[in-house]
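Novice: The following block contains the structure, expressed as structure tokens.
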Amino acid sequence: MTSIVLCRRSIFIGGAVTAAMTALASVSAPTSALADEPPEDYAEQTLKLDLFSCDISELAAKKAVHPVVYKFAELESEEAQAIAGVLLKTGASTPERPDTLSKTVETLKRMDPGPAFDLAYIEHQIDNHKSLLKVQKREVDDASPQGVQKTVATVLVPLIASHLDMLHTAHTDLAF
């Protein structure tokens, strides 16, 4: 992964967050009304997966030994924080983490830095990104009117797909 790719990705996510925030500002309901509404299924599912990704990426940024894994973890942490920020500003609440994801975080915390940790992190990210992509595609394909969530999902589909490409490449490198 070159610095040009990382720079391009930073610009892309910055533009995506700006677009989502612009859409958020144009929502006709006042912010207080949005905050009083329960989180939509989309926001809750996205936040569960996104915040999990952020947490394990912050951990990987401290423990990863492979430079590609380290760079991906830094990038993923920043992007996940940005996406969570957008969704939380729409009035969504921070969801409880499912036990399976909590156990994964604890398992990764107990692992020593090294190739086994790097591979486990990448494998969890592949699974998480596949789940996150399904949630985004379902939102994009939903017939409901355009809104912040649909805008976020539309931006995230190609971003997640490119992350999966990077993760599969890293997995191939680490598995040998």
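Naming scheme: A, B, ... for chains in displayed order of the structure tokens; residues 1 onward per chain; ligands 1 onward as shown.
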Mind listing the helix (DSSP H, G or I) residues of range 103-156 of chain A, per DSSP on the backbone, as a ChimeraX atom specification?
Specialist: /A:103-110,115-141,148-156
Novice: Identify, on the basis of only C-alpha atoms, every residue whose closest approach to Glu139 in chain A does not exceed 12 Å; exclude the query and any residue fewer than 6 positions from it along the same chain; express the result as a ChimeraX atom specification.
Specialist: /A:40-43,45-46,132-133,145-157
Novice: Could you save those same residues with N, CA and C atoms as a tab-separated table (two decimals), in the first residue's frame?
Specialist:
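In the end it all went to out_16.tsv:
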```tsv
chain	number	residue	atom	x	y	z
A	40	GLU	N	-32.58	3.94	13.94
A	40	GLU	CA	-33.09	3.05	12.91
A	40	GLU	C	-32.26	1.78	12.92
A	41	ASP	N	-32.81	0.72	12.40
A	41	ASP	CA	-32.13	-0.55	12.30
A	41	ASP	C	-30.79	-0.39	11.57
A	42	TYR	N	-30.79	0.39	10.50
A	42	TYR	CA	-29.56	0.62	9.73
A	42	TYR	C	-28.47	1.24	10.61
A	43	ALA	N	-28.81	2.32	11.29
A	43	ALA	CA	-27.82	3.03	12.10
A	43	ALA	C	-27.28	2.13	13.21
A	45	GLN	N	-27.19	-1.22	13.37
A	45	GLN	CA	-26.34	-2.28	12.81
A	45	GLN	C	-25.00	-1.73	12.34
A	46	THR	N	-25.04	-0.60	11.66
A	46	THR	CA	-23.80	0.00	11.17
A	46	THR	C	-22.89	0.40	12.33
A	132	LEU	N	-20.68	-5.59	7.29
A	132	LEU	CA	-20.97	-4.17	7.11
A	132	LEU	C	-21.41	-3.86	5.69
A	133	LEU	N	-20.80	-4.51	4.72
A	133	LEU	CA	-21.18	-4.31	3.32
A	133	LEU	C	-22.62	-4.75	3.07
A	145	PRO	N	-37.20	6.91	0.93
A	145	PRO	CA	-36.66	8.14	0.33
A	145	PRO	C	-35.21	8.39	0.73
A	146	GLN	N	-34.58	9.25	-0.05
A	146	GLN	CA	-33.19	9.63	0.22
A	146	GLN	C	-33.10	10.31	1.59
A	147	GLY	N	-32.00	10.14	2.25
A	147	GLY	CA	-31.75	10.77	3.54
A	147	GLY	C	-30.29	10.56	3.90
A	148	VAL	N	-29.95	10.96	5.10
A	148	VAL	CA	-28.57	10.85	5.56
A	148	VAL	C	-28.10	9.40	5.54
A	149	GLN	N	-28.93	8.50	6.03
A	149	GLN	CA	-28.51	7.11	6.10
A	149	GLN	C	-28.25	6.54	4.71
A	150	LYS	N	-29.12	6.84	3.77
A	150	LYS	CA	-28.92	6.33	2.41
A	150	LYS	C	-27.66	6.96	1.80
A	151	THR	N	-27.42	8.24	2.10
A	151	THR	CA	-26.22	8.91	1.60
A	151	THR	C	-24.97	8.24	2.17
A	152	VAL	N	-24.97	8.01	3.48
A	152	VAL	CA	-23.83	7.35	4.12
A	152	VAL	C	-23.62	5.96	3.52
A	153	ALA	N	-24.70	5.20	3.38
A	153	ALA	CA	-24.59	3.84	2.83
A	153	ALA	C	-24.06	3.86	1.41
A	154	THR	N	-24.53	4.80	0.61
A	154	THR	CA	-24.09	4.91	-0.79
A	154	THR	C	-22.59	5.20	-0.86
A	155	VAL	N	-22.11	6.04	0.03
A	155	VAL	CA	-20.68	6.36	0.06
A	155	VAL	C	-19.87	5.17	0.58
A	156	LEU	N	-20.44	4.44	1.54
A	156	LEU	CA	-19.69	3.36	2.16
A	156	LEU	C	-19.55	2.11	1.29
A	157	VAL	N	-20.49	1.84	0.41
A	157	VAL	CA	-20.42	0.60	-0.38
A	157	VAL	C	-19.08	0.48	-1.13
```
Novice: Counting only C-alpha atoms, what is within 8 Å of range 107-114 of chain A, bar same-chain residues fewer than 6 positions away, as a list of chain:residue names?
Specialist: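 Listed by chain and then number, they are A:Ile56, A:Leu59, A:Lys63, A:Ala64, A:Val65, A:His66, A:Ala120, A:Tyr121.
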Novice: Write the selection just made, keeping C-alpha atoms, as a JSON list (two decimals), in the first residue's frame?
Specialist:
```json
[["chain", "number", "residue", "atom", "x", "y", "z"],
["A", 56, "ILE", "CA", -9.92, -3.53, 17.14],
["A", 59, "LEU", "CA", -5.67, -2.06, 19.25],
["A", 63, "LYS", "CA", 0.20, -4.23, 18.33],
["A", 64, "ALA", "CA", 0.60, -4.86, 14.59],
["A", 65, "VAL", "CA", 4.08, -5.79, 13.42],
["A", 66, "HIS", "CA", 3.46, -5.94, 9.66],
["A", 120, "ALA", "CA", -6.29, -12.67, 13.43],
["A", 121, "TYR", "CA", -6.94, -8.92, 13.12]]
```
Novice: Write out as a list in words which residues come within 12 Å of Phe176 in chain A when counting only C-alpha atoms, dropping same-chain ones fewer than 2 positions away.
Specialist: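 Result of the neighbour search: Pro115, Ala116, Leu119, Thr169, Ala170, His171, Thr172, Asp173 and Leu174 of chain A.
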